[in-house]
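Shown below: structure-v4.tsv, with TSV, C-alpha atoms.
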```tsv
chain	number	residue	atom	x	y	z
A	1	MET	CA	19.83	13.49	6.04
A	2	ASN	CA	22.16	14.89	8.64
A	3	HIS	CA	21.49	12.67	11.57
A	4	SER	CA	24.01	10.19	12.88
A	5	CYS	CA	23.24	6.74	14.12
A	6	PRO	CA	24.20	6.48	17.79
A	7	ILE	CA	25.06	2.81	17.31
A	8	CYS	CA	27.28	2.73	14.22
A	9	ALA	CA	27.88	6.46	13.54
A	10	TYR	CA	26.37	6.27	10.08
A	11	PRO	CA	25.75	9.94	9.25
A	12	GLY	CA	22.86	9.59	6.81
A	13	LEU	CA	19.78	8.93	8.93
A	14	GLU	CA	16.69	10.66	7.59
A	15	GLU	CA	15.44	11.66	11.02
A	16	PRO	CA	16.82	12.07	14.52
A	17	PRO	CA	16.53	8.72	16.29
A	18	ARG	CA	14.33	10.33	18.95
A	19	SER	CA	11.89	13.15	18.44
A	20	PRO	CA	11.49	15.98	20.97
A	21	SER	CA	8.32	14.21	22.11
A	22	GLY	CA	10.46	11.24	23.07
A	23	GLY	CA	9.19	8.81	20.48
A	24	GLY	CA	11.42	6.71	18.30
A	25	SER	CA	11.72	7.63	14.65
A	26	TYR	CA	10.97	4.00	13.64
A	27	GLU	CA	13.70	4.44	11.06
A	28	ILE	CA	15.83	1.37	10.44
A	29	CYS	CA	19.45	2.40	10.21
A	30	PRO	CA	20.48	1.26	6.75
A	31	CYS	CA	23.98	0.66	8.01
A	32	CYS	CA	23.57	-1.40	11.19
A	33	GLY	CA	19.87	-2.27	11.10
A	34	PHE	CA	18.83	-0.83	14.45
A	35	GLN	CA	15.22	0.39	14.42
A	36	PHE	CA	14.74	3.31	16.75
A	37	GLY	CA	11.69	2.89	18.92
A	38	VAL	CA	11.38	-0.80	18.09
A	39	THR	CA	14.69	-2.58	18.60
A	40	ASP	CA	15.07	-0.73	21.88
A	41	ASP	CA	11.52	-0.03	23.08
A	42	ASP	CA	9.99	-3.32	21.98
A	43	ASP	CA	12.83	-5.80	21.67
A	44	GLY	CA	14.63	-4.39	24.69
A	45	VAL	CA	18.05	-4.36	23.05
A	46	SER	CA	20.40	-1.61	24.13
A	47	HIS	CA	22.53	0.46	21.79
A	48	ASP	CA	25.70	-1.04	23.24
A	49	THR	CA	24.48	-4.59	22.79
A	50	TRP	CA	23.48	-4.00	19.19
A	51	ARG	CA	26.73	-2.21	18.42
A	52	LEU	CA	28.75	-5.08	19.78
A	53	HIS	CA	26.70	-7.57	17.85
A	54	TRP	CA	27.02	-5.59	14.62
A	55	ALA	CA	30.76	-5.38	15.04
A	56	GLU	CA	31.07	-9.07	15.77
A	57	GLU	CA	29.05	-9.85	12.68
A	58	GLY	CA	31.58	-8.01	10.56
A	59	MET	CA	30.01	-4.54	10.27
A	60	GLN	CA	28.14	-5.43	7.12
A	61	TRP	CA	25.87	-2.95	5.39
A	62	PHE	CA	22.36	-3.83	6.46
A	63	SER	CA	19.87	-2.25	4.08
A	64	ARG	CA	18.47	-3.97	1.02
A	65	GLY	CA	16.93	-0.78	-0.31
A	66	VAL	CA	19.39	1.94	0.62
A	67	PRO	CA	22.79	1.45	-0.99
A	68	ALA	CA	25.98	1.99	0.92
A	69	PRO	CA	27.64	5.32	0.14
A	70	ALA	CA	30.38	5.22	-2.47
A	71	GLY	CA	33.62	4.33	-0.82
A	72	TRP	CA	31.91	3.48	2.42
A	73	ASP	CA	34.50	2.56	4.99
A	74	ALA	CA	32.90	0.69	7.85
A	75	ARG	CA	36.05	0.67	9.95
A	76	ALA	CA	36.60	4.41	9.65
A	77	GLN	CA	32.96	5.07	10.46
A	78	PHE	CA	33.02	2.68	13.35
A	79	ALA	CA	36.12	4.36	14.76
A	80	LYS	CA	33.87	7.21	15.84
A	81	VAL	CA	32.17	4.92	18.33
A	82	SER	CA	34.76	2.18	18.62
A	83	SER	CA	35.67	3.17	22.12
A	84	LYS	CA	32.45	1.47	23.10
A	85	ALA	CA	33.21	-1.77	21.31
A	86	PRO	CA	36.12	-4.14	21.93
A	87	ASN	CA	38.41	-4.96	18.99
A	88	PRO	CA	35.98	-5.09	16.11
A	89	PRO	CA	36.87	-7.60	13.40
A	90	ALA	CA	37.75	-6.53	9.90
A	91	PRO	CA	34.64	-5.43	7.98
A	92	LYS	CA	33.32	-7.53	5.16
A	93	PRO	CA	32.78	-6.00	1.72
A	94	ALA	CA	29.37	-4.43	1.25
A	95	SER	CA	28.97	-5.37	-2.38
A	96	LYS	CA	26.08	-7.69	-1.63
A	97	PRO	CA	23.05	-6.93	0.52
A	98	ALA	CA	23.72	-8.18	3.97
A	99	PRO	CA	21.30	-10.58	5.57
A	100	LYS	CA	19.38	-9.41	8.57
A	101	PRO	CA	21.54	-9.91	11.65
A	102	ALA	CA	20.23	-12.21	14.27
A	103	LYS	CA	18.76	-10.51	17.27
A	104	PRO	CA	21.48	-10.13	19.94
A	105	THR	CA	20.94	-11.43	23.38
A	106	PRO	CA	19.89	-8.64	25.72
A	107	PRO	CA	21.55	-8.08	29.05
A	108	ALA	CA	20.65	-10.59	31.70
A	109	ASP	CA	18.71	-8.00	33.63
A	110	GLY	CA	17.07	-6.54	30.57
A	111	PRO	CA	13.66	-7.26	29.16
A	112	ARG	CA	12.94	-10.44	27.30
A	113	PRO	CA	14.05	-10.46	23.66
A	114	ARG	CA	11.40	-10.10	21.02
A	115	ARG	CA	10.00	-13.30	19.62
A	116	PRO	CA	11.92	-14.59	16.59
A	117	ARG	CA	10.60	-13.50	13.21
B	1	MET	CA	-31.58	-12.49	-42.78
B	2	TYR	CA	-31.46	-14.48	-46.00
B	3	PRO	CA	-28.95	-17.06	-44.80
B	4	ILE	CA	-30.96	-17.64	-41.65
B	5	ARG	CA	-34.23	-18.15	-43.48
B	6	SER	CA	-32.62	-20.36	-46.04
B	7	SER	CA	-31.04	-22.54	-43.42
B	8	PHE	CA	-34.23	-22.67	-41.38
B	9	ARG	CA	-36.17	-24.02	-44.32
B	10	SER	CA	-33.67	-26.74	-44.99
B	11	ALA	CA	-33.09	-27.61	-41.38
B	12	SER	CA	-35.06	-30.14	-39.44
B	13	GLY	CA	-35.35	-31.35	-35.84
B	14	PRO	CA	-32.68	-30.03	-33.45
B	15	PHE	CA	-31.31	-27.63	-36.05
B	16	ALA	CA	-34.67	-25.88	-36.35
B	17	VAL	CA	-34.88	-25.52	-32.59
B	18	GLY	CA	-31.34	-24.15	-32.51
B	19	TRP	CA	-32.07	-21.54	-35.09
B	20	PHE	CA	-35.26	-20.58	-33.29
B	21	LEU	CA	-33.35	-20.02	-30.05
B	22	LEU	CA	-30.69	-18.07	-31.89
B	23	CYS	CA	-33.34	-15.79	-33.34
B	24	LEU	CA	-34.85	-15.30	-29.91
B	25	PHE	CA	-31.40	-14.41	-28.59
B	26	ALA	CA	-30.88	-11.91	-31.37
B	27	ILE	CA	-34.23	-10.33	-30.65
B	28	ARG	CA	-33.44	-10.09	-26.96
B	29	LEU	CA	-30.18	-8.28	-27.73
B	30	GLY	CA	-32.27	-5.30	-28.58
B	31	ALA	CA	-33.76	-5.37	-25.06
B	32	VAL	CA	-30.57	-5.78	-23.07
B	33	GLU	CA	-30.74	-4.27	-19.62
B	34	ILE	CA	-28.18	-3.50	-16.95
B	35	THR	CA	-28.66	-5.59	-13.84
B	36	LYS	CA	-25.76	-4.24	-11.78
B	37	GLY	CA	-23.50	-1.20	-11.97
B	38	PRO	CA	-21.83	0.50	-13.52
B	39	THR	CA	-19.09	0.76	-10.92
B	40	VAL	CA	-15.82	2.55	-11.51
B	41	ASP	CA	-12.43	1.55	-10.11
B	42	VAL	CA	-10.33	4.69	-10.37
B	43	SER	CA	-6.66	5.57	-10.15
B	44	PRO	CA	-5.04	8.88	-11.13
B	45	THR	CA	-4.57	7.86	-14.77
B	46	ARG	CA	-6.85	4.89	-15.33
B	47	ALA	CA	-10.36	3.71	-14.67
B	48	VAL	CA	-11.99	0.32	-14.94
B	49	VAL	CA	-15.73	0.34	-15.54
B	50	ARG	CA	-17.75	-2.75	-14.68
B	51	TRP	CA	-21.38	-3.64	-15.12
B	52	THR	CA	-23.55	-6.67	-15.76
B	53	THR	CA	-26.43	-7.23	-18.15
B	54	ASP	CA	-29.32	-9.64	-18.14
B	55	VAL	CA	-28.25	-11.20	-21.45
B	56	PRO	CA	-24.93	-11.49	-23.26
B	57	ALA	CA	-24.02	-8.31	-25.06
B	58	GLY	CA	-21.05	-6.34	-26.24
B	59	THR	CA	-18.97	-4.07	-24.04
B	60	ARG	CA	-18.35	-0.48	-24.99
B	61	VAL	CA	-17.69	2.70	-23.01
B	62	HIS	CA	-17.72	6.16	-24.52
B	63	PHE	CA	-16.10	8.75	-22.30
B	64	GLY	CA	-14.93	12.34	-22.29
B	65	LEU	CA	-14.66	15.54	-20.33
B	66	ALA	CA	-18.28	16.57	-20.98
B	67	THR	CA	-21.52	14.74	-21.58
B	68	THR	CA	-21.60	16.19	-25.09
B	69	THR	CA	-18.09	15.10	-26.01
B	70	LEU	CA	-17.83	11.41	-25.21
B	71	THR	CA	-15.31	11.05	-27.97
B	72	SER	CA	-13.01	8.44	-26.45
B	73	ARG	CA	-13.91	4.80	-26.57
B	74	ALA	CA	-13.01	1.62	-24.70
B	75	GLU	CA	-14.25	-1.87	-25.43
B	76	GLY	CA	-14.35	-5.27	-23.82
B	77	GLU	CA	-15.58	-8.75	-24.55
B	78	VAL	CA	-19.07	-10.02	-25.23
B	79	GLY	CA	-20.82	-11.46	-22.19
B	80	THR	CA	-22.98	-10.55	-19.23
B	81	ALA	CA	-20.13	-9.36	-17.00
B	82	HIS	CA	-18.64	-6.32	-18.68
B	83	VAL	CA	-15.26	-4.80	-17.98
B	84	ALA	CA	-13.68	-1.93	-19.88
B	85	THR	CA	-10.44	-0.17	-19.04
B	86	LEU	CA	-10.16	3.56	-19.69
B	87	PRO	CA	-6.46	4.38	-19.98
B	88	GLY	CA	-4.58	7.65	-20.30
B	89	LEU	CA	-6.74	9.72	-17.96
B	90	ARG	CA	-5.71	12.99	-16.37
B	91	PRO	CA	-5.26	13.01	-12.59
B	92	GLY	CA	-7.76	15.09	-10.66
B	93	THR	CA	-10.22	15.31	-13.54
B	94	THR	CA	-13.93	14.61	-13.84
B	95	TYR	CA	-14.93	12.31	-16.70
B	96	HIS	CA	-18.36	11.56	-18.07
B	97	PHE	CA	-19.09	8.20	-19.61
B	98	ALA	CA	-21.77	6.07	-21.19
B	99	VAL	CA	-21.78	2.27	-21.09
B	100	GLY	CA	-23.48	-0.15	-23.40
B	101	THR	CA	-22.91	-2.18	-26.52
B	102	ALA	CA	-21.80	-1.23	-30.00
B	103	ARG	CA	-25.42	-0.40	-30.83
B	104	PHE	CA	-26.96	0.85	-27.60
B	105	MET	CA	-25.87	3.07	-24.75
B	106	LEU	CA	-27.49	1.74	-21.58
B	107	ALA	CA	-26.40	4.10	-18.81
B	108	THR	CA	-24.44	7.26	-18.23
B	109	ASN	CA	-22.55	8.54	-15.23
B	110	SER	CA	-19.37	10.31	-14.22
B	111	PHE	CA	-16.33	9.81	-12.01
B	112	ALA	CA	-13.35	11.85	-10.90
B	113	THR	CA	-9.77	10.64	-10.96
B	114	PRO	CA	-7.78	11.31	-7.80
B	115	GLY	CA	-4.93	13.76	-7.97
B	116	LEU	CA	-1.37	12.55	-8.12
B	117	PRO	CA	0.21	12.16	-4.69
B	118	ALA	CA	1.74	15.38	-3.45
B	119	THR	CA	5.46	15.41	-2.76
B	120	THR	CA	5.20	17.60	0.33
B	121	THR	CA	2.47	17.45	2.90
B	122	ALA	CA	-0.82	16.61	1.26
B	123	PRO	CA	-2.19	13.24	2.32
B	124	PRO	CA	-2.63	10.64	-0.39
B	125	GLU	CA	-6.00	10.69	-2.04
B	126	PRO	CA	-7.81	7.43	-1.45
B	127	THR	CA	-8.93	5.50	-4.44
B	128	GLY	CA	-11.39	2.72	-4.47
B	129	THR	CA	-14.03	0.65	-6.09
B	130	VAL	CA	-17.08	2.80	-5.83
B	131	ALA	CA	-20.49	2.90	-7.28
B	132	ALA	CA	-20.34	5.81	-9.67
B	133	GLY	CA	-21.52	8.97	-7.99
B	134	LYS	CA	-21.46	7.45	-4.49
B	135	PRO	CA	-18.81	7.85	-1.76
B	136	ALA	CA	-16.32	5.03	-1.29
B	137	ASP	CA	-16.56	2.53	1.53
B	138	PRO	CA	-13.26	3.04	3.39
B	139	VAL	CA	-12.91	-0.63	4.22
B	140	LYS	CA	-13.17	-1.63	0.56
B	141	GLN	CA	-10.86	1.05	-0.78
B	142	ARG	CA	-7.99	0.09	-2.98
B	143	PRO	CA	-4.66	1.41	-1.69
B	144	PRO	CA	-2.85	4.09	-3.69
B	145	PRO	CA	0.60	3.28	-5.09
B	146	THR	CA	3.26	2.52	-2.51
B	147	ARG	CA	5.24	5.63	-3.37
B	148	SER	CA	2.39	7.77	-2.12
B	149	THR	CA	1.68	5.83	1.07
B	150	TRP	CA	5.11	4.92	2.43
B	151	ALA	CA	7.17	7.75	3.93
B	152	ASN	CA	10.66	6.55	3.06
B	153	VAL	CA	10.31	4.24	0.10
B	154	ALA	CA	14.00	3.36	0.05
B	155	SER	CA	13.64	1.86	3.52
B	156	LEU	CA	10.55	-0.16	2.68
B	157	PRO	CA	12.43	-3.38	1.79
B	158	ASP	CA	13.99	-3.33	5.24
B	159	HIS	CA	10.68	-2.78	7.01
B	160	PHE	CA	9.12	-5.53	4.93
B	161	ALA	CA	11.99	-7.92	5.62
B	162	ARG	CA	11.68	-7.31	9.33
B	163	HIS	CA	7.94	-6.99	9.82
B	164	GLY	CA	6.23	-8.29	6.70
B	165	ALA	CA	5.75	-11.73	8.22
B	166	ASP	CA	3.62	-10.18	10.98
B	167	PHE	CA	0.93	-9.62	8.38
B	168	HIS	CA	1.70	-12.46	5.96
B	169	ALA	CA	2.55	-9.81	3.37
B	170	LYS	CA	3.57	-11.38	0.09
B	171	ASP	CA	5.86	-8.54	-0.93
B	172	ALA	CA	6.87	-5.01	0.04
B	173	ASP	CA	4.02	-3.39	-1.87
B	174	ASP	CA	1.51	-5.68	-0.21
B	175	TYR	CA	3.00	-4.81	3.17
B	176	ALA	CA	2.75	-1.07	2.45
B	177	ALA	CA	-0.79	-1.49	1.18
B	178	GLN	CA	-1.80	-3.31	4.36
B	179	ALA	CA	-0.33	-0.48	6.41
B	180	TRP	CA	-2.41	2.05	4.48
B	181	LEU	CA	-5.54	-0.05	4.83
B	182	PHE	CA	-4.88	-0.35	8.54
B	183	LEU	CA	-5.15	3.43	8.83
B	184	GLN	CA	-8.38	3.49	6.85
B	185	ARG	CA	-9.83	0.78	9.07
B	186	ALA	CA	-8.60	2.59	12.17
B	187	LYS	CA	-10.50	5.68	11.05
B	188	ALA	CA	-13.62	3.68	10.28
B	189	ASP	CA	-13.56	1.65	13.50
B	190	GLY	CA	-12.10	4.28	15.81
B	191	LEU	CA	-9.07	2.24	16.88
B	192	PRO	CA	-6.95	3.62	19.72
B	193	ALA	CA	-4.65	6.34	18.42
B	194	LYS	CA	-2.46	9.09	19.72
B	195	ARG	CA	-0.61	11.96	18.08
B	196	ASP	CA	2.60	13.50	19.37
B	197	GLY	CA	3.93	17.05	19.14
B	198	GLU	CA	5.58	16.38	15.79
B	199	GLY	CA	2.31	15.24	14.28
B	200	VAL	CA	3.21	11.56	14.23
B	201	LEU	CA	0.10	9.42	14.53
B	202	ARG	CA	0.37	6.10	16.30
B	203	VAL	CA	-2.41	3.55	15.93
B	204	PHE	CA	-2.91	0.27	17.73
B	205	ASP	CA	-5.38	-2.55	17.30
B	206	PRO	CA	-5.69	-4.39	20.62
B	207	LYS	CA	-7.45	-7.28	18.93
B	208	SER	CA	-4.82	-8.08	16.29
B	209	GLY	CA	-1.88	-6.54	18.08
B	210	ALA	CA	-0.99	-4.45	15.04
B	211	PHE	CA	0.74	-1.12	15.52
B	212	ALA	CA	1.55	1.55	12.97
B	213	ALA	CA	2.99	5.03	12.94
B	214	TYR	CA	2.20	7.63	10.30
B	215	ASN	CA	3.66	10.99	9.48
B	216	ARG	CA	1.55	14.10	9.65
B	217	ASP	CA	0.80	13.67	5.95
B	218	GLY	CA	-0.56	10.17	6.50
B	219	ARG	CA	2.38	8.27	5.07
B	220	THR	CA	3.50	5.17	6.91
B	221	LYS	CA	6.64	5.20	9.02
B	222	THR	CA	6.39	1.62	10.23
B	223	TYR	CA	3.88	-1.18	10.70
B	224	PHE	CA	4.41	-4.18	12.91
B	225	LYS	CA	3.11	-6.20	15.81
B	226	PRO	CA	4.93	-5.33	19.01
B	227	GLY	CA	5.96	-8.28	21.09
B	228	ARG	CA	5.88	-6.36	24.34
B	229	ARG	CA	2.61	-5.81	26.14
B	230	GLY	CA	2.04	-2.14	26.88
B	231	TYR	CA	4.17	-0.93	23.98
B	232	PHE	CA	1.45	1.34	22.62
B	233	ASP	CA	0.67	2.72	26.07
B	234	ASP	CA	4.29	3.76	26.46
B	235	GLN	CA	4.38	5.68	23.18
B	236	PRO	CA	4.20	9.48	23.38
B	237	GLY	CA	1.23	11.53	22.23
B	238	THR	CA	-2.26	12.47	23.24
B	239	PRO	CA	-5.29	10.33	22.36
B	240	GLU	CA	-7.05	11.20	19.14
B	241	ASP	CA	-10.49	10.13	17.96
B	242	LEU	CA	-9.84	9.01	14.40
B	243	ARG	CA	-13.53	8.83	13.56
B	244	LYS	CA	-13.72	12.59	13.87
B	245	SER	CA	-10.86	13.03	11.42
B	246	ARG	CA	-12.53	11.06	8.64
```

What is this structure when it is put down as structure tokens?
Amino acid sequence: MNHSCPICAYPGLEEPPRSPSGGGSYEICPCCGFQFGVTDDDDGVSHDTWRLHWAEEGMQWFSRGVPAPAGWDARAQFAKVSSKAPNPPAPKPASKPAPKPAKPTPPADGPRPRRPR
Amino acid sequence: MYPIRSSFRSASGPFAVGWFLLCLFAIRLGAVEITKGPTVDVSPTRAVVRWTTDVPAGTRVHFGLATTTLTSRAEGEVGTAHVATLPGLRPGTTYHFAVGTARFMLATNSFATPGLPATTTAPPEPTGTVAAGKPADPVKQRPPPTRSTWANVASLPDHFARHGADFHAKDADDYAAQAWLFLQRAKADGLPAKRDGEGVLRVFDPKSGAFAAYNRDGRTKTYFKPGRRGYFDDQPGTPEDLRKSR
């Protein structure tokens, strides 16, 4: 568990987001909810778009099965990638499982968003 | 037999007929025959034995590690459809058993419990409802426990929340079970599949649109229906004939 999420900088991913073969890990980041190889390759949502959306939604812990680390500080974690996101709002407490964030709108020139689930 | 004879003498009309039928039934109990089974539904520590008889009879299974030591016993209800659960079995062990009633043993056979799921690289042993002594039909197999089929169990609730609706899964375990069954069906039907350099197997069903990825050990990484046409084609890996890997 030494792999960092390129979207939210969570350092506890089980696998690298991309394998040497180029395939996504299919892992859902327990912190921000991005699924590597699906959110990008199927839904067509970029890392930047998801990061911005996650920040705007309050940087809530995503996973229902993986608990947030003790003393998890979303703002401190996000600072590692905050240069890519404008003025993130204050994070909400992660005491309760966060609902699944709505799919962000992809760039205008990007592929169509995945159908709603 | 004294109470029966006594009652028969004093009975008349419908009662006499009733007693006559009862006696016939009692006589037939001695000639009970198996009409179907026995089949054994096995898991690492438990087995459920089922069979049917031509007439109502008791349900009893004697079982053990050798045909000469069927010292354990399981029982069920009286009827023609018989079910007996054999608890407390050892994983990866062959058991011998005899089925019948309290008075008669009607058939004998054996079964082997699957081993417990390995924690490293061994693929999960399939379990299933099988006719004793015959190989299992992959399509009718019963999935092993979720912990032995899903790669990262802690992440399963998230995968289920996101993709479970694709398969109308009723809960996370059902979703994981469907993913495991999808692989069994893919092997049986030869669905399109490809494996990459890390051993990850990707399977796609063009008909249903279902896609799944499995680790080298056969455990599920994800299972969903891509919304983008050509998603599977764009995945890395070289084609693999799953029917040859059965």

How close does chain B get to chain A? List, as a tab-separated table, each residue of chain B within 12 Å, its nearest atom pair and the distance in Å to one decimal, counting all atoms listed in the file.
```
residue	atom	partner	partner_atom	distance
B:Ala151	CA	A:Glu27	CA	10.2
B:Asn152	CA	A:Glu14	CA	8.6
B:Val153	CA	A:Gly65	CA	8.3
B:Ala154	CA	A:Gly65	CA	5.1
B:Ser155	CA	A:Gly65	CA	5.7
B:Leu156	CA	A:Gly65	CA	7.1
B:Pro157	CA	A:Gly65	CA	5.6
B:Asp158	CA	A:Ser63	CA	6.1
B:His159	CA	A:Ile28	CA	7.5
B:Phe160	CA	A:Arg64	CA	10.3
B:Ala161	CA	A:Lys100	CA	8.1
B:Arg162	CA	A:Arg117	CA	7.4
B:His163	CA	A:Arg117	CA	7.8
B:Gly164	CA	A:Arg117	CA	9.4
B:Ala165	CA	A:Arg117	CA	7.2
B:Asp166	CA	A:Arg117	CA	8.0
B:Phe167	CA	A:Arg117	CA	11.5
B:His168	CA	A:Arg117	CA	11.5
B:Ala172	CA	A:Gly65	CA	10.9
B:Lys194	CA	A:Gly23	CA	11.7
B:Arg195	CA	A:Ser21	CA	10.1
B:Asp196	CA	A:Ser21	CA	6.4
B:Gly197	CA	A:Ser21	CA	6.0
B:Glu198	CA	A:Ser21	CA	7.2
B:Gly199	CA	A:Ser21	CA	9.9
B:Val200	CA	A:Gly23	CA	9.1
B:Leu201	CA	A:Gly23	CA	10.9
B:Arg202	CA	A:Gly23	CA	10.1
B:Phe211	CA	A:Val38	CA	11.0
B:Ala212	CA	A:Tyr26	CA	9.8
B:Ala213	CA	A:Tyr26	CA	8.1
B:Tyr214	CA	A:Tyr26	CA	10.1
B:Asn215	CA	A:Ser25	CA	10.1
B:Thr220	CA	A:Tyr26	CA	10.1
B:Lys221	CA	A:Tyr26	CA	6.4
B:Thr222	CA	A:Tyr26	CA	6.2
B:Tyr223	CA	A:Tyr26	CA	9.3
B:Phe224	CA	A:Val38	CA	9.3
B:Lys225	CA	A:Asp42	CA	9.7
B:Pro226	CA	A:Asp42	CA	6.2
B:Gly227	CA	A:Arg114	CA	5.7
B:Arg228	CA	A:Asp42	CA	5.6
B:Arg229	CA	A:Asp42	CA	8.8
B:Gly230	CA	A:Asp42	CA	9.4
B:Tyr231	CA	A:Asp42	CA	6.6
B:Phe232	CA	A:Asp42	CA	9.7
B:Asp233	CA	A:Asp41	CA	11.6
B:Asp234	CA	A:Asp41	CA	8.8
B:Gln235	CA	A:Gly23	CA	6.3
B:Pro236	CA	A:Gly23	CA	5.8
B:Gly237	CA	A:Ser21	CA	7.6
B:Thr238	CA	A:Ser21	CA	10.8
```

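Neighbouring residues of Tyr10 (chain A) at 7 Å or closer, counting all atoms listed in the file and skipping chain neighbours under 6 positions away, are Ser4, Cys31 and Gln77 of chain A.
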
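Residues near the point (-15.6, 8.0, -24.1), at a distance of 8 Å or less over all atoms listed in the file, make up Val61, His62, Phe63, Gly64, Thr69, Leu70, Thr71, Ser72, Arg73, Ala74, His96, Phe97 and Ala98 of chain B.
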
Taking only C-alpha atoms into account, which of B:Pro239, B:Gly190, B:Gly218, B:Gly100 comes nearest Gly37 (chain B)? B:Gly100

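CA of Ala177 (chain B) is found 19.3 Å from CA of Ala193 (chain B).
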
Would you list the residues near (-18.5, -5.4, -25.2), meaning any protein, DNA or RNA residue with an atom at most 8 Å from that point in file coordinates, counting only C-alpha atoms, as a PDB file with C-alpha atoms, in the frame of the given file?
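Output file point_22.pdb is given in full below:
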```pdb
ATOM      1  CA  ALA B  57     -24.020  -8.310 -25.060  1.00  0.00           C
ATOM      2  CA  GLY B  58     -21.050  -6.340 -26.240  1.00  0.00           C
ATOM      3  CA  THR B  59     -18.970  -4.070 -24.040  1.00  0.00           C
ATOM      4  CA  ARG B  60     -18.350  -0.480 -24.990  1.00  0.00           C
ATOM      5  CA  GLU B  75     -14.250  -1.870 -25.430  1.00  0.00           C
ATOM      6  CA  GLY B  76     -14.350  -5.270 -23.820  1.00  0.00           C
ATOM      7  CA  GLU B  77     -15.580  -8.750 -24.550  1.00  0.00           C
ATOM      8  CA  VAL B  78     -19.070 -10.020 -25.230  1.00  0.00           C
ATOM      9  CA  GLY B  79     -20.820 -11.460 -22.190  1.00  0.00           C
ATOM     10  CA  HIS B  82     -18.640  -6.320 -18.680  1.00  0.00           C
ATOM     11  CA  VAL B  83     -15.260  -4.800 -17.980  1.00  0.00           C
ATOM     12  CA  ALA B  84     -13.680  -1.930 -19.880  1.00  0.00           C
ATOM     13  CA  GLY B 100     -23.480  -0.150 -23.400  1.00  0.00           C
ATOM     14  CA  THR B 101     -22.910  -2.180 -26.520  1.00  0.00           C
ATOM     15  CA  ALA B 102     -21.800  -1.230 -30.000  1.00  0.00           C
TER      16      ALA B 102
END
```

Pick out the residues sitting within 10 Å of Pro69 (chain A), and hand them over as a list in words; count only C-alpha atoms, and ignore anything fewer than 3 positions along from it in its own chain. Gly12, Cys31, Trp61, Val66, Trp72, Asp73 and Ala94 of chain A
